[in-house]
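Peer 1: Starting off with a structure, shown below.
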Amino acid sequence: MAAVVRVLLATAGLVVIGYGIHGLFTMTRATHPPQAARWLIGGVLVHDLVIVPVTAVVGLLLTRFVRAPYRAVVQGALLVSAAVALASLPLWRGYGGSPDNPTVNPLPYGRNLAIVLGAVWAAAVALIAIRVMRARRAQRARDATPAPAPAPVRDRDPDPDPA
């Protein structure tokens, strides 16, 4: 069943990619293929030369400085923060806006991004606090439980048959 779903999703993805490529080359006045090629090449270069090394360094730093039970929460918060910031980049940078038309970008997107990132990190801190409290509670329960008494040692005869 999973293989069928995987094949269907891959097929749907290839169809969408084909539709996009078809539109890129048949509607050249609207899509500007040379500019699209620059964006594609630039995206690949930024990914390979900036995003991957930064992600590797951040991962190394997390491994060194964040304890294992909390590392996944921090990684998740970093991932969500990066995705939200990147997705809203054109808005909070003011791209596409016009000074003579304030209705194009009418909201304070920088402030709103800060609010969303604050909520993401507040949730991460809350999750870490819950994990700390659970770990302390479990440790107290282990400390309060008396150790079991050692089992009595029986003297066993290696040869149980006396004959």
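Just so we're on the same page: first chain in the structure tokens is A, next is B, and so on; residues restart at 1 for each chain, and ligands are numbered from 1 in the order they show up.
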Apply DSSP to the backbone of this structure and, from range 57-98 of chain A, keep only the residues in helix (DSSP H, G or I); write these as a PyMOL selection string.
Peer 2: chain A and resi 57-65+68-87+89-93
Peer 1: Generate the output file for the selected residues, C-alpha atoms, as a PDB file, in the first residue's frame.
Peer 2:
ATOM      1  CA  VAL A  57      27.570  24.349  11.935  1.00  0.00           C
ATOM      2  CA  VAL A  58      24.319  24.942  13.829  1.00  0.00           C
ATOM      3  CA  GLY A  59      23.833  21.174  14.130  1.00  0.00           C
ATOM      4  CA  LEU A  60      27.362  20.777  15.477  1.00  0.00           C
ATOM      5  CA  LEU A  61      26.822  23.577  17.993  1.00  0.00           C
ATOM      6  CA  LEU A  62      23.519  22.056  19.104  1.00  0.00           C
ATOM      7  CA  THR A  63      25.213  18.708  19.605  1.00  0.00           C
ATOM      8  CA  ARG A  64      27.907  20.334  21.720  1.00  0.00           C
ATOM      9  CA  PHE A  65      25.814  22.723  23.814  1.00  0.00           C
ATOM     10  CA  ALA A  68      19.923  15.346  24.102  1.00  0.00           C
ATOM     11  CA  PRO A  69      16.432  15.474  25.698  1.00  0.00           C
ATOM     12  CA  TYR A  70      16.023  19.116  24.651  1.00  0.00           C
ATOM     13  CA  ARG A  71      17.893  19.087  21.344  1.00  0.00           C
ATOM     14  CA  ALA A  72      14.890  17.983  19.262  1.00  0.00           C
ATOM     15  CA  VAL A  73      12.784  20.841  20.630  1.00  0.00           C
ATOM     16  CA  VAL A  74      15.478  23.402  19.792  1.00  0.00           C
ATOM     17  CA  GLN A  75      15.968  21.871  16.337  1.00  0.00           C
ATOM     18  CA  GLY A  76      12.235  22.044  15.679  1.00  0.00           C
ATOM     19  CA  ALA A  77      12.026  25.656  16.813  1.00  0.00           C
ATOM     20  CA  LEU A  78      14.993  26.574  14.621  1.00  0.00           C
ATOM     21  CA  LEU A  79      13.452  24.810  11.631  1.00  0.00           C
ATOM     22  CA  VAL A  80      10.078  26.519  12.060  1.00  0.00           C
ATOM     23  CA  SER A  81      11.762  29.895  12.641  1.00  0.00           C
ATOM     24  CA  ALA A  82      13.836  29.587   9.481  1.00  0.00           C
ATOM     25  CA  ALA A  83      10.847  28.477   7.396  1.00  0.00           C
ATOM     26  CA  VAL A  84       8.612  31.292   8.658  1.00  0.00           C
ATOM     27  CA  ALA A  85      11.331  33.922   8.200  1.00  0.00           C
ATOM     28  CA  LEU A  86      12.178  32.701   4.713  1.00  0.00           C
ATOM     29  CA  ALA A  87       8.542  32.453   3.607  1.00  0.00           C
ATOM     30  CA  LEU A  89      11.086  37.488   3.575  1.00  0.00           C
ATOM     31  CA  PRO A  90       9.509  39.446   0.702  1.00  0.00           C
ATOM     32  CA  LEU A  91       6.932  40.922   3.049  1.00  0.00           C
ATOM     33  CA  TRP A  92       9.153  42.031   5.917  1.00  0.00           C
ATOM     34  CA  ARG A  93      11.821  43.272   3.515  1.00  0.00           C
TER      35      ARG A  93
END
Peer 1: Have a look at CA of Tyr95 in chain A and CA of Gln35 in chain A and let me know their distance in Å, one decimal.
Peer 2: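 One can read the CA of Tyr95 in chain A to CA of Gln35 in chain A distance as 16.9 Å.
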